[in-house]
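Q: File start.txt below, compact mmCIF, C-alpha atoms (C1' of nucleotides):
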```txt
# COMPACT_ATOMS: atom_id res chain seq x y z
CA MET A 64 106.64 97.94 107.84
CA PRO A 65 106.16 99.89 104.68
CA GLU A 66 103.11 102.14 104.90
CA LEU A 67 102.17 104.98 102.59
CA PRO A 68 105.23 107.20 103.23
CA GLU A 69 107.67 104.31 102.91
CA VAL A 70 106.16 103.09 99.65
CA GLU A 71 106.06 106.67 98.34
CA THR A 72 109.78 107.00 99.12
CA ILE A 73 110.58 103.75 97.34
CA LYS A 74 108.51 104.86 94.36
CA ARG A 75 110.36 108.18 94.06
CA GLU A 76 113.72 106.49 94.29
CA LEU A 77 112.79 103.80 91.81
CA GLN A 78 111.49 106.13 89.11
CA PRO A 79 114.80 107.52 87.80
CA LEU A 80 116.44 104.12 88.04
CA ILE A 81 114.09 101.88 86.11
CA ILE A 82 111.77 103.90 83.85
CA ASN A 83 112.26 103.05 80.16
CA GLN A 84 114.15 99.89 80.99
CA ARG A 85 113.12 96.72 79.21
CA ILE A 86 112.62 93.54 81.20
CA LYS A 87 115.01 90.92 79.90
CA ASP A 88 114.47 88.07 82.30
CA CYS A 89 112.71 87.07 85.46
CA LYS A 90 113.45 84.45 88.07
CA ILE A 91 111.10 83.42 90.85
CA LEU A 92 112.93 82.04 93.86
CA ARG A 93 109.84 81.39 95.89
CA LYS A 94 106.62 80.65 94.11
CA ASP A 95 104.09 81.56 96.77
CA ILE A 96 104.96 85.25 96.66
CA ILE A 97 103.37 85.43 93.21
CA GLY A 98 99.78 86.39 93.97
CA TYR A 99 98.55 86.40 90.37
CA PRO A 100 98.66 84.78 87.82
CA SER A 101 100.52 81.45 87.94
CA PRO A 102 104.31 81.74 88.30
CA GLU A 103 104.76 80.52 84.72
CA ARG A 104 102.33 83.05 83.25
CA PHE A 105 103.82 85.72 85.49
CA CYS A 106 107.32 85.34 84.05
CA ARG A 107 106.13 84.94 80.49
CA GLY A 108 103.97 88.04 80.78
CA LEU A 109 106.81 90.14 82.12
CA ILE A 110 109.62 89.43 79.72
CA ASN A 111 110.15 91.97 76.94
CA GLU A 112 107.82 94.54 78.49
CA THR A 113 109.14 98.04 79.00
CA ILE A 114 108.75 99.96 82.25
CA GLN A 115 106.80 103.12 81.55
CA ASP A 116 106.19 104.47 85.02
CA VAL A 117 106.33 103.72 88.71
CA ILE A 118 103.32 104.81 90.74
CA ARG A 119 101.85 104.20 94.18
CA ARG A 120 98.36 103.44 95.42
CA ALA A 121 98.01 103.19 99.21
CA LYS A 122 100.69 100.68 100.24
CA TYR A 123 100.90 99.15 96.79
CA LEU A 124 103.82 99.90 94.50
CA ILE A 125 102.84 99.70 90.86
CA ILE A 126 105.17 99.35 87.92
CA VAL A 127 103.32 100.38 84.78
CA LEU A 128 104.39 98.35 81.78
CA SER A 129 103.87 98.62 78.06
CA ASN A 130 100.53 97.22 76.80
CA GLY A 131 98.74 98.48 79.92
CA LYS A 132 100.07 95.69 82.10
CA ARG A 133 100.74 96.41 85.74
CA LEU A 134 103.24 94.81 88.03
CA ILE A 135 101.92 95.34 91.54
CA PHE A 136 103.95 94.82 94.71
CA HIS A 137 102.66 94.66 98.26
CA LEU A 138 105.56 94.73 100.70
CA ARG A 139 103.49 93.76 103.75
CA LEU A 140 105.79 93.74 106.78
CA SER A 141 109.31 93.23 105.65
CA GLY A 142 109.36 93.39 101.86
CA ARG A 143 112.10 95.39 100.19
CA ILE A 144 112.86 96.38 96.66
CA ILE A 145 116.51 96.57 95.84
CA VAL A 146 118.08 97.85 92.66
CA MET A 147 121.51 96.51 91.91
CA ASP A 148 123.67 97.68 89.05
CA GLU A 149 124.67 94.88 86.79
CA GLU A 150 128.17 93.75 87.49
CA LYS A 151 128.27 90.98 84.98
CA ASP A 152 125.79 90.10 82.30
CA LEU A 153 124.87 86.79 83.84
CA PRO A 154 121.95 84.62 82.93
CA LEU A 155 119.62 84.66 85.93
CA LYS A 156 119.96 80.95 86.62
CA CYS A 157 123.64 81.52 87.48
CA LEU A 158 123.03 84.67 89.43
CA GLU A 159 122.31 83.25 92.85
CA SER A 160 125.24 80.91 93.12
CA GLU A 161 127.54 83.52 91.63
CA PHE A 162 126.59 86.20 94.13
CA LYS A 163 125.64 84.24 97.23
CA LYS A 164 129.10 84.30 98.76
CA THR A 165 130.15 87.75 97.62
CA GLN A 166 129.65 91.28 98.85
CA PHE A 167 126.10 91.02 97.48
CA SER A 168 125.10 88.06 99.59
CA GLU A 169 123.09 90.27 101.92
CA LYS A 170 120.95 91.44 99.05
CA PHE A 171 120.19 87.91 98.00
CA GLU A 172 119.59 86.40 101.40
CA PHE A 173 115.81 86.77 101.21
CA ALA A 174 115.44 87.36 97.49
CA ARG A 175 112.10 85.98 96.32
CA LEU A 176 112.01 87.45 92.83
CA ILE A 177 114.73 88.82 90.59
CA ILE A 178 113.87 90.84 87.52
CA LYS A 179 116.67 91.50 85.09
CA LEU A 180 116.55 94.82 83.31
CA GLU A 181 118.87 96.17 80.61
CA ASN A 182 121.68 97.10 82.97
CA LYS A 183 120.39 96.37 86.44
CA TYR A 184 118.62 93.87 88.60
CA LEU A 185 115.42 94.59 90.46
CA ILE A 186 115.29 92.35 93.50
CA PHE A 187 112.21 91.72 95.61
CA SER A 188 113.42 90.62 99.01
CA GLU A 189 110.98 89.50 101.69
CA PRO A 190 112.20 87.58 104.76
CA ARG A 191 108.73 86.80 106.07
CA ALA A 192 107.32 85.79 102.72
CA LEU A 193 104.04 87.58 103.37
CA GLY A 194 104.55 90.14 100.62
CA ARG A 195 102.98 89.52 97.23
CA VAL A 196 103.56 90.42 93.61
CA TYR A 197 100.85 90.51 90.96
CA LEU A 198 100.91 90.97 87.22
CA ILE A 199 97.63 92.12 85.75
CA LYS A 200 96.55 93.06 82.27
CA GLU A 201 94.57 96.21 81.66
CA ASP A 202 91.16 94.53 81.90
CA GLU A 203 91.90 92.05 84.69
CA LYS A 204 90.52 92.37 88.22
CA PRO A 205 91.46 89.15 89.98
CA ASP A 206 89.78 88.28 93.28
CA VAL A 207 93.13 88.13 95.05
CA LEU A 208 93.40 91.89 94.53
CA LYS A 209 89.97 92.62 95.98
CA GLY A 210 91.46 94.85 98.67
CA PHE A 211 93.23 96.88 96.02
CA TYR A 212 89.95 97.73 94.34
CA ASN A 213 88.26 98.62 97.63
CA LEU A 214 90.74 101.25 98.75
CA SER A 215 89.57 104.65 99.89
CA TYR A 216 90.77 107.78 98.12
CA GLU A 217 94.40 108.61 98.67
CA PRO A 218 94.58 110.35 102.07
CA LEU A 219 96.82 113.08 100.65
CA SER A 220 94.67 113.79 97.61
CA PRO A 221 92.20 116.71 97.46
CA GLU A 222 89.25 114.29 97.15
CA TYR A 223 90.08 113.02 100.63
CA ASP A 224 88.45 115.98 102.28
CA PHE A 225 86.91 116.42 105.71
CA ASN A 226 83.40 115.42 104.63
CA TYR A 227 84.64 112.24 103.01
CA PHE A 228 86.59 111.26 106.14
CA LYS A 229 83.80 112.21 108.54
CA ASN A 230 81.19 110.22 106.61
CA LYS A 231 83.44 107.18 106.50
CA ILE A 232 84.04 107.00 110.24
CA ARG A 233 81.18 108.61 112.09
CA ASN A 234 78.82 105.63 112.13
CA ARG A 235 81.47 103.07 112.98
CA LYS A 236 81.16 101.47 116.38
CA ALA A 237 84.61 99.87 116.31
CA MET A 238 87.55 101.38 118.14
CA ILE A 239 89.01 104.31 116.22
CA LYS A 240 92.38 102.61 116.00
CA SER A 241 90.89 99.65 114.12
CA VAL A 242 88.88 101.97 111.91
CA LEU A 243 92.02 103.85 110.86
CA LEU A 244 93.66 100.61 109.81
CA ASP A 245 90.76 99.80 107.49
CA GLN A 246 92.15 100.36 104.00
CA SER A 247 88.74 101.22 102.61
CA ILE A 248 88.68 104.12 105.07
CA CYS A 249 92.30 105.26 105.32
CA ALA A 250 94.21 103.76 102.41
CA GLY A 251 97.92 103.47 103.11
CA VAL A 252 97.74 104.06 106.85
CA GLY A 253 99.21 101.30 109.01
CA ASN A 254 100.15 100.74 112.62
CA ILE A 255 102.83 103.42 112.85
CA TYR A 256 100.99 106.36 111.32
CA SER A 257 97.65 105.53 112.92
CA ASP A 258 99.22 105.57 116.40
CA GLU A 259 101.02 108.82 115.63
CA ALA A 260 97.93 110.52 114.19
CA LEU A 261 95.90 109.55 117.26
CA PHE A 262 98.58 110.96 119.54
CA HIS A 263 98.72 114.27 117.71
CA SER A 264 94.97 114.61 117.80
CA GLY A 265 94.81 113.72 121.51
CA ILE A 266 92.42 110.81 120.97
CA ARG A 267 92.69 107.54 122.85
CA PRO A 268 92.86 104.62 120.39
CA THR A 269 90.21 102.67 122.31
CA ARG A 270 87.54 105.32 121.70
CA ARG A 271 84.64 104.12 119.57
CA ALA A 272 84.67 106.01 116.28
CA ASN A 273 81.02 107.01 116.59
CA THR A 274 81.69 108.75 119.92
CA LEU A 275 84.18 111.24 118.50
CA LYS A 276 83.07 114.86 118.57
CA ILE A 277 83.18 116.83 115.36
CA GLU A 278 86.21 118.82 116.58
CA GLU A 279 88.01 115.60 117.35
CA ILE A 280 87.25 114.16 113.92
CA PHE A 281 88.65 117.35 112.41
CA LYS A 282 91.82 117.20 114.50
CA LEU A 283 92.29 113.58 113.53
CA PHE A 284 91.68 114.34 109.87
CA LEU A 285 94.42 117.01 109.93
CA ALA A 286 96.77 114.82 111.98
CA ILE A 287 96.54 111.94 109.50
CA LYS A 288 97.49 114.20 106.62
CA ASP A 289 100.25 115.80 108.71
CA VAL A 290 101.97 112.60 109.82
CA LEU A 291 101.80 111.14 106.32
CA ARG A 292 103.27 114.27 104.76
CA LYS A 293 105.98 114.49 107.38
CA GLY A 294 106.69 110.78 106.95
CA ILE A 295 107.24 111.29 103.23
CA ASP A 296 109.41 114.36 103.83
CA GLU A 297 111.58 112.26 106.14
CA PHE A 298 111.82 109.29 103.75
CA GLY A 299 109.72 107.00 105.91
CA THR A 300 110.22 105.29 109.26
CA THR A 301 112.88 102.67 109.89
CA VAL A 302 112.32 100.71 113.07
CA SER A 303 113.12 97.18 112.01
CA ASP A 304 112.84 96.07 108.41
CA TYR A 305 112.14 99.01 106.17
CA LYS A 306 115.03 100.24 104.07
CA ARG A 307 115.13 102.49 101.06
CA THR A 308 116.11 101.09 97.67
CA ASP A 309 119.73 102.00 98.23
CA GLY A 310 119.75 100.38 101.69
CA LYS A 311 119.63 103.65 103.61
CA SER A 312 117.21 104.16 106.49
CA GLY A 313 114.36 106.63 106.67
CA ASN A 314 114.35 109.44 109.26
CA PHE A 315 110.82 109.58 110.60
CA GLN A 316 111.64 107.25 113.52
CA ASN A 317 113.32 110.31 115.06
CA PHE A 318 109.97 112.08 115.14
CA LEU A 319 107.86 109.27 116.55
CA CYS A 320 105.93 110.24 119.67
CA VAL A 321 104.31 106.93 120.61
CA TYR A 322 105.08 104.16 118.14
CA ASP A 323 108.02 102.03 119.32
CA ARG A 324 108.21 104.21 122.46
CA GLU A 325 106.38 102.06 125.01
CA GLY A 326 107.87 102.53 128.48
CA LYS A 327 109.47 105.82 127.46
CA PRO A 328 108.29 109.23 128.65
CA CYS A 329 105.73 111.11 126.58
CA LYS A 330 107.37 113.95 124.68
CA LYS A 331 104.55 116.29 125.74
CA CYS A 332 103.79 115.44 129.37
CA GLY A 333 106.49 113.01 130.51
CA LYS A 334 104.10 110.21 131.46
CA GLU A 335 104.97 106.71 130.40
CA ILE A 336 103.78 105.63 126.95
CA ILE A 337 101.79 102.42 127.26
CA VAL A 338 101.10 99.59 124.84
CA LYS A 339 97.81 97.76 124.49
CA LYS A 340 96.45 95.20 122.06
CA ILE A 341 93.61 96.54 119.99
CA GLY A 342 92.16 94.13 117.48
CA ASN A 343 95.28 91.98 117.70
CA ARG A 344 97.46 94.98 116.93
CA SER A 345 99.91 96.52 119.38
CA THR A 346 98.86 100.09 119.94
CA ARG A 347 100.89 102.73 121.76
CA TYR A 348 99.48 105.84 123.37
CA CYS A 349 99.94 108.35 126.16
CA PRO A 350 97.33 107.80 128.90
CA GLU A 351 97.62 111.48 129.90
CA CYS A 352 97.51 113.29 126.54
CA GLN A 353 95.03 111.01 124.81
CA LYS A 354 91.50 111.05 126.19
C1' DA B 79 77.13 95.45 106.53
C1' DT B 80 79.78 95.34 110.70
C1' DG B 81 82.92 93.90 114.33
C1' DA B 82 85.84 90.55 116.57
C1' DC B 83 89.09 87.33 115.99
C1' DG B 84 92.05 83.70 113.83
C1' DT B 85 95.45 82.70 110.13
C1' DC B 86 99.32 83.25 107.20
C1' DC B 87 104.85 83.54 107.57
C1' DT B 88 109.54 83.38 109.53
C1' DG B 89 113.37 85.99 111.74
C1' DC B 90 114.33 87.48 116.06
C1' DC B 91 114.02 88.03 120.91
C1' DT B 92 113.14 86.29 125.59
C1' DG B 93 113.31 83.01 129.15
C1' DC B 94 114.25 78.65 131.11
C1' DT C 189 124.52 77.07 125.03
C1' DG C 190 120.41 75.70 123.01
C1' DC C 191 115.89 75.35 122.20
C1' DA C 192 110.88 76.34 122.68
C1' DG C 193 107.59 79.70 122.46
C1' DG C 194 105.90 84.11 121.62
C1' DC C 195 105.89 88.23 118.96
C1' DA C 196 105.70 91.37 114.96
C1' DG C 197 101.87 92.84 111.63
C1' DG C 198 98.72 93.78 106.78
C1' DA C 199 95.24 91.62 104.59
C1' DC C 200 91.81 88.43 104.37
C1' DG C 201 88.66 84.64 105.81
C1' DT C 202 85.24 83.19 109.01
C1' DC C 203 81.65 83.59 112.23
C1' DA C 204 78.09 85.82 114.96
```
Represent the structure of the file as structure tokens.

A:
Amino acid sequence: MPELPEVETIKRELQPLIINQRIKDCKILRKDIIGYPSPERFCRGLINETIQDVIRRAKYLIIVLSNGKRLIFHLRLSGRIIVMDEEKDLPLKCLESEFKKTQFSEKFEFARLIIKLENKYLIFSEPRALGRVYLIKEDEKPDVLKGFYNLSYEPLSPEYDFNYFKNKIRNRKAMIKSVLLDQSICAGVGNIYSDEALFHSGIRPTRRANTLKIEEIFKLFLAIKDVLRKGIDEFGTTVSDYKRTDGKSGNFQNFLCVYDREGKPCKKCGKEIIVKKIGNRSTRYCPECQK
DNA sequence: ATGACGTCCTGCCTGC
DNA sequence: TGCAGGCAGGACGTCA
């Protein structure tokens, strides 16, 4: 599941591949992944634009186009962005049938959107079809992107300082795990990095946020930044779906202490890592190290 | 405003 | 072997 470090990795890998490329064509293979505007307006608005930059905001990947337009991807659980060098200069309507039974079939199995650039294809693949793509003009703020406009500061930016974090969480009565998943509090943090940050700060995920002591809030604040930075350094976490643009896996799964480790011994104390549903989300923690 | 919970979606895994 | 059912999970809608 692509969280901040995974999307950051994809962004970095995408930049040298697609910046300055002009969009020649666009084919939507599944209409409901287009979050805004209509599929027809989406394609029309994309063609002939030039890619100026690739940036990231929380878990959103943003392709900045000429004329201030933005192509925004949310990968949700299983979305992938694949760049494929152009083998043949095919019109997009022939592309699928041409490639379906070839060595590229894997890349097209769950393709929901194919964007044809000057000498490559940008493929948005999403088995679970929960991911979304939006195209917005400079002055547009569609309701479907409400969450995007309510994000907190970037957790790795200087503005995301201890005071900001403390003020956001200290009056919350919900369990700290749920609070960390709130994108208006911890933009870009998802299930993996929230569990890991709680482990490293020794806090049990079921604790109510407003019961955390100041020292604990500080430990948690540092741990969030640490796991995110480390996640980026290791090219993200691959446990099931996430792959980099070239199909390679990330490395951070090798450093996980609790996530995906239920039933295994804690790396610190040896006790069994347990899993518990918190707010409909599986949450892993060490009952010994996290109080 | 906040918190708890249901819904979306579909591949994959488990169990009978 | 095959099929049903549950699970994964980010964001958002609904309700109290």

Q: Enter the distance from CA of Tyr123 (chain A) to CA of Leu138 (chain A), in Å, rounded to one decimal.

A: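 Separation of CA of Tyr123 (chain A) and CA of Leu138 (chain A): 7.5 Å.
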
Q: What are the closest atom pairs, with distances in Å to one decimal, for each residue of chain B lying within 7 Å of chain A, using all atoms listed in the file, rows by chain and rising residue number, as CSV?

A:
```
residue,atom,partner,partner_atom,distance
B:DG81,C1',A:Ala237,CA,6.5
B:DC87,C1',A:Arg191,CA,5.3
B:DT88,C1',A:Arg191,CA,4.9
```

Q: Put the listed atoms of region 192-199 of chain C in a box along x, y and z with 8 Å added on every side and give me the centre and edge lengths in Å to one decimal, as lines of an AutoDock Vina configuration file.

A:
```
center_x = 103.1
center_y = 85.1
center_z = 113.6
size_x = 31.6
size_y = 33.4
size_z = 34.1
```

Q: CA of Leu140 (chain A) to CA of Lys311 (chain A): how many Å, to one decimal?

A: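 So the answer is 17.3 Å.
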
Q: Using all atoms listed in the file, tabulate the residues of chain A lying at most 10 Å from any atom of chain C, each with its closest atom pair and that distance in Å to one decimal, by chain and increasing residue number, as JSON lines.

A:
```
{"residue": "A:Met64", "atom": "CA", "partner": "C:DG197", "partner_atom": "C1'", "distance": 7.9}
{"residue": "A:Pro65", "atom": "CA", "partner": "C:DG198", "partner_atom": "C1'", "distance": 9.9}
{"residue": "A:Glu66", "atom": "CA", "partner": "C:DG198", "partner_atom": "C1'", "distance": 9.6}
{"residue": "A:Lys122", "atom": "CA", "partner": "C:DG198", "partner_atom": "C1'", "distance": 9.7}
{"residue": "A:His137", "atom": "CA", "partner": "C:DG198", "partner_atom": "C1'", "distance": 9.4}
{"residue": "A:Leu138", "atom": "CA", "partner": "C:DG198", "partner_atom": "C1'", "distance": 9.2}
{"residue": "A:Arg139", "atom": "CA", "partner": "C:DG198", "partner_atom": "C1'", "distance": 5.7}
{"residue": "A:Leu140", "atom": "CA", "partner": "C:DG197", "partner_atom": "C1'", "distance": 6.3}
{"residue": "A:Ser141", "atom": "CA", "partner": "C:DG197", "partner_atom": "C1'", "distance": 9.6}
{"residue": "A:Leu193", "atom": "CA", "partner": "C:DG198", "partner_atom": "C1'", "distance": 8.9}
{"residue": "A:Gly194", "atom": "CA", "partner": "C:DG198", "partner_atom": "C1'", "distance": 9.2}
{"residue": "A:Val207", "atom": "CA", "partner": "C:DC200", "partner_atom": "C1'", "distance": 9.4}
{"residue": "A:Lys209", "atom": "CA", "partner": "C:DC200", "partner_atom": "C1'", "distance": 9.6}
{"residue": "A:Gly210", "atom": "CA", "partner": "C:DA199", "partner_atom": "C1'", "distance": 7.7}
{"residue": "A:Leu244", "atom": "CA", "partner": "C:DG198", "partner_atom": "C1'", "distance": 9.0}
{"residue": "A:Asp245", "atom": "CA", "partner": "C:DA199", "partner_atom": "C1'", "distance": 9.8}
{"residue": "A:Gln246", "atom": "CA", "partner": "C:DA199", "partner_atom": "C1'", "distance": 9.3}
{"residue": "A:Gly253", "atom": "CA", "partner": "C:DG198", "partner_atom": "C1'", "distance": 7.9}
{"residue": "A:Asn254", "atom": "CA", "partner": "C:DG197", "partner_atom": "C1'", "distance": 8.1}
{"residue": "A:Ser303", "atom": "CA", "partner": "C:DA196", "partner_atom": "C1'", "distance": 9.9}
{"residue": "A:Asn343", "atom": "CA", "partner": "C:DG197", "partner_atom": "C1'", "distance": 9.0}
{"residue": "A:Arg344", "atom": "CA", "partner": "C:DG197", "partner_atom": "C1'", "distance": 7.2}
{"residue": "A:Ser345", "atom": "CA", "partner": "C:DG197", "partner_atom": "C1'", "distance": 8.8}
```
